[in-house]
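The next block holds one structure in the form of structure tokens; read it before the comments.
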4 protein chains.
Amino acid sequence: MTVSARGDVAHIGHVELLTPTPGASLEFFREILGMEVEAEEAGSSYLRGFGDYERYCLKLTEAAEPALGHVALRASSPEALERRVAALEQSGRGEGWTQGDVGHGPAYRFTDPDGRPFEIYYETERYRPPAALVPPMLNQHQKRTGRGIGVRRLEHANFLSPDVRACRSFHEELLGYRCLEIIELEDGSEYGAWLTATIQGHELIYLHEWLPTRGRLHHLAFWVDTREEVLRAADLFQDAGVFIEAGPAKHTPIHSFYLYVREPGGNRIEVTSGGYLVFDPDPEGTTVWPVETYKASRAWGRGFPPSFDTYATPPFDDPTRQEDT
Amino acid sequence: MTVSARGDVAHIGHVELLTPTPGASLEFFREILGMEVEAEEAGSSYLRGFGDYERYCLKLTEAAEPALGHVALRASSPEALERRVAALEQSGRGEGWTQGDVGHGPAYRFTDPDGRPFEIYYETERYRPPAALVPPMLNQHQKRTGRGIGVRRLEHANFLSPDVRACRSFHEELLGYRCLEIIELEDGSEYGAWLTATIQGHELIYLHEWLPTRGRLHHLAFWVDTREEVLRAADLFQDAGVFIEAGPAKHTPIHSFYLYVREPGGNRIEVTSGGYLVFDPDPEGTTVWPVETYKASRAWGRGFPPSFDTYATPPFDDPTRQEDT
Amino acid sequence: MTVSARGDVAHIGHVELLTPTPGASLEFFREILGMEVEAEEAGSSYLRGFGDYERYCLKLTEAAEPALGHVALRASSPEALERRVAALEQSGRGEGWTQGDVGHGPAYRFTDPDGRPFEIYYETERYRPPAALVPPMLNQHQKRTGRGIGVRRLEHANFLSPDVRACRSFHEELLGYRCLEIIELEDGSEYGAWLTATIQGHELIYLHEWLPTRGRLHHLAFWVDTREEVLRAADLFQDAGVFIEAGPAKHTPIHSFYLYVREPGGNRIEVTSGGYLVFDPDPEGTTVWPVETYKASRAWGRGFPPSFDTYATPPFDDPTRQEDT
Amino acid sequence: MTVSARGDVAHIGHVELLTPTPGASLEFFREILGMEVEAEEAGSSYLRGFGDYERYCLKLTEAAEPALGHVALRASSPEALERRVAALEQSGRGEGWTQGDVGHGPAYRFTDPDGRPFEIYYETERYRPPAALVPPMLNQHQKRTGRGIGVRRLEHANFLSPDVRACRSFHEELLGYRCLEIIELEDGSEYGAWLTATIQGHELIYLHEWLPTRGRLHHLAFWVDTREEVLRAADLFQDAGVFIEAGPAKHTPIHSFYLYVREPGGNRIEVTSGGYLVFDPDPEGTTVWPVETYKASRAWGRGFPPSFDTYATPPFDDPTRQEDT
């Protein structure tokens, strides 16, 4: 089924993020990440990066706790959407249609093996900038405003799962995602899997959930065009008083350049750039890391604090939880 | 036919470049661009960038004049290769099979509407580095050597054609290429077309040939990971005494960052980075520029010397030819 | 006298710029260059870069025409100020004391051989940020705001003069400036001179004035920390609709990376980074270019439009004046 | 005495590094850092960065253990040299003249309060490149070769001392160095001091020696022009199998961007870029950090492994010594 599914998902469309501090979170994404508020409605704001061809890539919704709201994937055609919906219904993970949301048409809801909410849609509204943001060139979607970090788009979402393999296989078989890197533990289970619908490094990532819970969001990553802009982002975050949890440094998988912070609502946010593209269409294009090999050959950079393995949203009440000090 | 062809070509595999000065050209690609010589045979050298998963991306062959030898495209599967060959045979542009070349299996030869030689193949040999180039991480193909500019891979080939539209449609219909940008002249003909098999900017580009000839190569472009490395390349080219024809500056189409030089054999070479990715699977993802709009909204940078519109290889004996001074 | 003067000027303190469009000019420097308004008074605004230890580096004053108001140099000690004032009085170019301006104490006014107004002062007020701009580290003067280009400081001022040598010698002999590069014309006159009070490339530059006038300002340059930020500035200027006259590219003298635009009032503004430092204390540290050698060995980049040789402020009514098209 | 000494030292000239593995160390500096061998003699090699106006900045000498050989400072004039020698003789730390070394004239030897060997000289030979390294522009000293990291020059030397204050005052009073940053411990002693003879961040740094020894070298730092080149250096070091101890990240003092490795002989080497310039001539230009304030406001980046506080050369036989794991 993998082969027939390949290509049916065009890309990750947007993610809904839940926050207990909507005002402060909105200011973080607008003023510091430099995103634009494209639409607002009761309880939710819709934000975009300057490179989004759709109206937005982030829906920010007020909630009691920080967490993932849902992930929306855009199908590559109406037929591709039909094929994926049929497969999802057959899989038993389908939950039926919604009439869509701001900026896109009907969406079919389903869940990954952890019960994490996803949607897939095809019909979308292309962004039409207001006068103040009309760009000088036809092949731009929006003017840069020069405000804050100036992220281009949503790059990927990273999830914690007690069964990485099951989630990885689910996206490969039912949605046609391709896995570019896998870290395998000694017992044959998977510590991490990096999935993409294109040739670029990642859209969906699953990492092992060490705590007795499921469905948590590890982080959302937003793209800037250069590693130098990631360094600039670190300077801006520090001056703005934003807690920097890790980076800037180079990831071993995908080789992307990372910087991790927390938005005021408590969700972990990454600013990223770089990384490789995979042109090889064959399975040889996927790297499978035995964990010992992985540990023995890490990319440069001092790595992650203990919190990186345990902190995620929604928060988990774990008395043994370690924080970075 | 476009729909069924889409996805059948995985990526541009390699290009054969003809040079009247094989020794000096080899030194240019090896010492200045920093490529590795992966194989050699009578009259030809095979060179790779550090990021190539195949054995090479450039075949350098001795000849009386600088020119394009051929362009080789890798199909995404054996079935995709069969489909493309069937379509090419039907089109009348097919020329039959070759038993392959160093590093890849049987290749089907065909020509674009200008008569430019292409090949398409599926079977390939993955690169196995010698001991001195074994990389520290599993997801690298080769160590960086630190020699010269250090290009990662072949990025694209740019051709001049008296009929850009015919060439563009040929690649769309018979090979499933997608056109991301088109510049249209007042008479409805096309001045330029940017084609890709993936979401990244360009693999094949056609620009209008102003001179009464056909089949010329405008340039080959090699990728570096950052705009800063393109600036470093300019410093290295200048210190090495290599003629810099244009750049570093930003292209209007695709927004890539460019730098143009000439290799000793006379072929124009670009070092490039940056540019946007197109995630939109629909035709709206393609930018069509009326030439007046294009002229009125160029990306920053001082643009190109007169030679950029006329110089290409093989050279053309044109008494009115202008050189940049 | 040069020897005794060396070291008496610490650095260029600030420049007063005249503009016929104070509102638009203020918005340009604040919103696009990202400077802060530190003080305002009738007809003038005082702006700072995030790295200024003094309160400001730019005084913006309303006037009928764009032009230089004055250049203020900070002496390295009270004794150094006394020495320079004594020498200036003796030279006949002194004009006496002013009681100072916002942010600094008594200043002695004088003119260069073109009659261009300068001041030298020692007493200064160190910047004390408002609560919103208090930085996280003791060795910062101000938070970065993330607004616009985010220039660190004023880098240099560039003037046109009918007698470059006279102006260059004036600053060397009376103010202890050091000349790092000189371009000499065939007739022995000087086309350009690059002067500094420190080891960094330039603070004061004189270029030959081709038109029958004197006292014009060619441009003011503001510093950003990386060449990548200069490229980012080009993207921001283009999206903001600011006319880009030249660059980004590499200067031959000093090797700095440049980008030239016009602020709304008509004054030319450069955003710059890079360039070399001169540690050699001896005359051998100065490069003297015969103009033919200079023309034959330019740094990479496509160079300057005709307007670069003729446009300056205040404007000059020259019927033969060429504009870049 | 400080005032009269200020300006008498122009810059750090070169450092002699001792290594037990001269062949491997020479290959490290030549092939990986990209330096040129300018001269060789029995037991020693002299290497230069592409930006050195003198013949070399590093003397590499075979020895039983890795360590600092000596530090050589260039005086700003013959008179300045006389003044410093007179002061050093008076101080009792002078050791008399040597007849010079490759590339420079008579040098006066002295020691810092730890007994660390220094020299000060004025007469020097300016570099004359061999034909293969003659640069295209008059204001370059040498062509870039494109080999390895391509460091421009020696940036600074960092020493461990049981009495940082004594060493700092020695350089201020006897050599006219200026201290730009100081970290003070609760007991009023100094943890670190950053000294410079110019406006750029550092040439000589002293950090507290925790072990019962004196005279150790913490590291030598070499300059590259951009932070992006430091990231490139990290990729090259990793691919070359060089142990990366810390970085790339941002230093709190001076704000420079750092990357630490070990050369084969065991000496710690830094590749650095960025950082601020200090134009303020007054004491207010110096930042004094109470250690608690320093700890509470570190620049971004994950900081240093335990080895950073204990490892230095010559090695110290300390059973409690921690290594980073």
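How things are named: the first chain in the structure tokens is A, the next is B, and so on; residues count from 1 in each chain; ligands count from 1 in the order shown.
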- Message: Just want the 8 Å neighbourhood of range 24-26 of chain B, counted on only C-alpha atoms, with same-chain residues fewer than 6 positions away dropped. Output as a PyMOL selection string.
- Response: chain B and resi 45+60+263-265
Could you name the residues that touch Ile182 in chain B at 6 Å or less, counting only C-alpha atoms, but leaving out those on the same chain fewer than 3 positions away, as a JSON list (two decimals) with C-alpha atoms, in the first residue's frame?
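Produced file around.json, reproduced below:
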```json
[["chain", "number", "residue", "atom", "x", "y", "z"],
["B", 192, "GLY", "CA", 12.52, 31.42, -19.77],
["B", 193, "ALA", "CA", 11.17, 28.35, -18.00],
["B", 288, "VAL", "CA", 4.00, 33.27, -14.82],
["B", 289, "TRP", "CA", 5.79, 36.60, -15.40]]
```
- Distance in Å - CA of Arg128 in chain D versus CA of His141 in chain D: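 Going from CA of Arg128 in chain D over to CA of His141 in chain D, I get 7.8 Å.
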- Message: Just the number, please: distance in Å from CA of Glu125 in chain D to CA of His14 in chain D, one decimal.
- Response: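 Distance reported for this atom pair: 12.9 Å.
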- Task: From the DSSP assignment of the backbone, select every residue of range 93-292 of chain D that is alpha helix (DSSP H), and format the answer as number ranges by chain.
- Result: D: 164-175, 227-239, 291-292
